[in-house]
Amino acid sequence: MAMHEIILLINGKQTNNDTRASRQAMQDQSSPQQSLSPLTVHKSEADLPFVEMSPGYSAQVLHVNLETGVWVSPSRLAPGYRSPRHRHSGEVFGFTNSGSWYYLEQPGAVNQAGSYLYEPAGSDHTQFVPADNEGPVDIWFLISGRIEAVDDEGKTVSSTGAREMLDAYKDACRNAGLKVPDVLIG
């Protein structure tokens with residue numbers, strides 16, 4: 001659209017046919033840019049619900065990359081929740097949205113609303129939510145690699161990666177009577 005056409009449009013001096021033509025020209029000019037840009041993807045909690053994975057632990061699985069072994073999984077932990085002791089084969093990034101929690105191995109490092117957590121690969125810990133929390137703790141996690149549950153001697157007793165987490169989430173949705181969600185994969 002030429003500058004004089006824009007000025008005419010602003011001044012309201014175009015006819016209906018000219019206005020329609022100008023609008024179409026503007027859309028045509030923006031179409032190539034839109035077609036080259038990938039579309040964003042939006043998922044709501046209705047699309048990807050929180051489901052109980054084990055007593056006191058509910059999760060969403062938002063995105064899984066089976067090739068890299070990375071998954072994004074917000075978690076809600078009930079007051080008094082204690083995870084099995086575990087370690088991560090890759091890095092973990094977490095952000096606490098509400099509540100407070102800590103690792104039994106580091107009781108002075110309390111995560112609370114607004115806290116960011118970085119876990120290096122090989123980190124070994126037991127997640128704990130104090131019973132006096134007013135409600136569930138809400139944490140957003142990006143996990144790379146595997147989560148290995150370990151016994152008191154540090155030996156691996158089970159291992160969960162992106163594929164197993166995806167399958168467990170879909171099973172938990174089915175068991176809760178929910179539609180199997182369309183988790184983002186890629």
# chains A, B, ... in the order shown; residues from 1 in each chain; ligands from 1
$ residues_around --residues "Ser44 of chain A" --least-positions-apart "4" --cutoff "10 Å" --atoms "only C-alpha atoms" --output "mmCIF file with N, CA and C atoms, in the first residue's frame"
data_model
loop_
_atom_site.group_PDB
_atom_site.id
_atom_site.type_symbol
_atom_site.label_atom_id
_atom_site.label_comp_id
_atom_site.auth_asym_id
_atom_site.auth_seq_id
_atom_site.Cartn_x
_atom_site.Cartn_y
_atom_site.Cartn_z
ATOM 1 N N LEU A 48 -4.212 -30.210 29.238
ATOM 2 C CA LEU A 48 -3.173 -31.004 29.890
ATOM 3 C C LEU A 48 -3.372 -30.890 31.408
ATOM 4 N N PRO A 49 -4.263 -31.706 31.958
ATOM 5 C CA PRO A 49 -4.624 -31.558 33.374
ATOM 6 C C PRO A 49 -3.546 -32.062 34.328
ATOM 7 N N LEU A 62 3.767 -31.238 30.012
ATOM 8 C CA LEU A 62 3.437 -30.259 28.983
ATOM 9 C C LEU A 62 4.126 -30.519 27.653
#
$ select_by_dssp --residues "segment 5-184 of chain A" --states "strand (DSSP E)" --output "ChimeraX atom specification"
/A:51-54,57-59,63-65,70-72,75-77,86-88,92-98,100-103,106-112,116-119,124-125,127-128,137-144,147-150,156-160,184
$ select_by_dssp --residues "segment 3-172 of chain A" --states "alpha helix (DSSP H)" --output "ChimeraX atom specification"
/A:3-11,16-36,162-172
$ residues_around --residues "Ser158 of chain A" --least-positions-apart "2" --cutoff "6 Å" --atoms "only C-alpha atoms" --output "PyMOL selection string"
chain A and resi 148-149+156
$ residues_around --residues "Ala59 of chain A" --least-positions-apart "3" --cutoff "7 Å" --atoms "only C-alpha atoms" --output "PyMOL selection string"
chain A and resi 50-53+73-76
$ residues_around --residues "Ala121 of chain A" --least-positions-apart "5" --cutoff "7 Å" --atoms "only C-alpha atoms" --output "list in words"
His88, Ser89, Gly90 and Glu91 of chain A
$ residues_around --residues "Pro55 of chain A" --least-positions-apart "3" --cutoff "10 Å" --atoms "only C-alpha atoms" --output "list in words"
Glu52, Ser58, Leu77, Ala78, Tyr81, Arg82 and Ser83 of chain A
$ closest_residue --among "A:Thr96, A:Thr68, A:Gln106, A:Gln60" --to "Val137 of chain A" --atoms "only C-alpha atoms"
A:Thr96
$ residues_around --residues "Gly114 of chain A" --least-positions-apart "3" --cutoff "9 Å" --atoms "only C-alpha atoms" --output "list in words"
Phe95, Thr96, Asn97, Ser98 and Asn111 of chain A
$ closest_residue --among "A:Asp132, A:Asp138, A:Asp124, A:Glu67" --to "Gly161 of chain A" --atoms "only C-alpha atoms"
A:Glu67
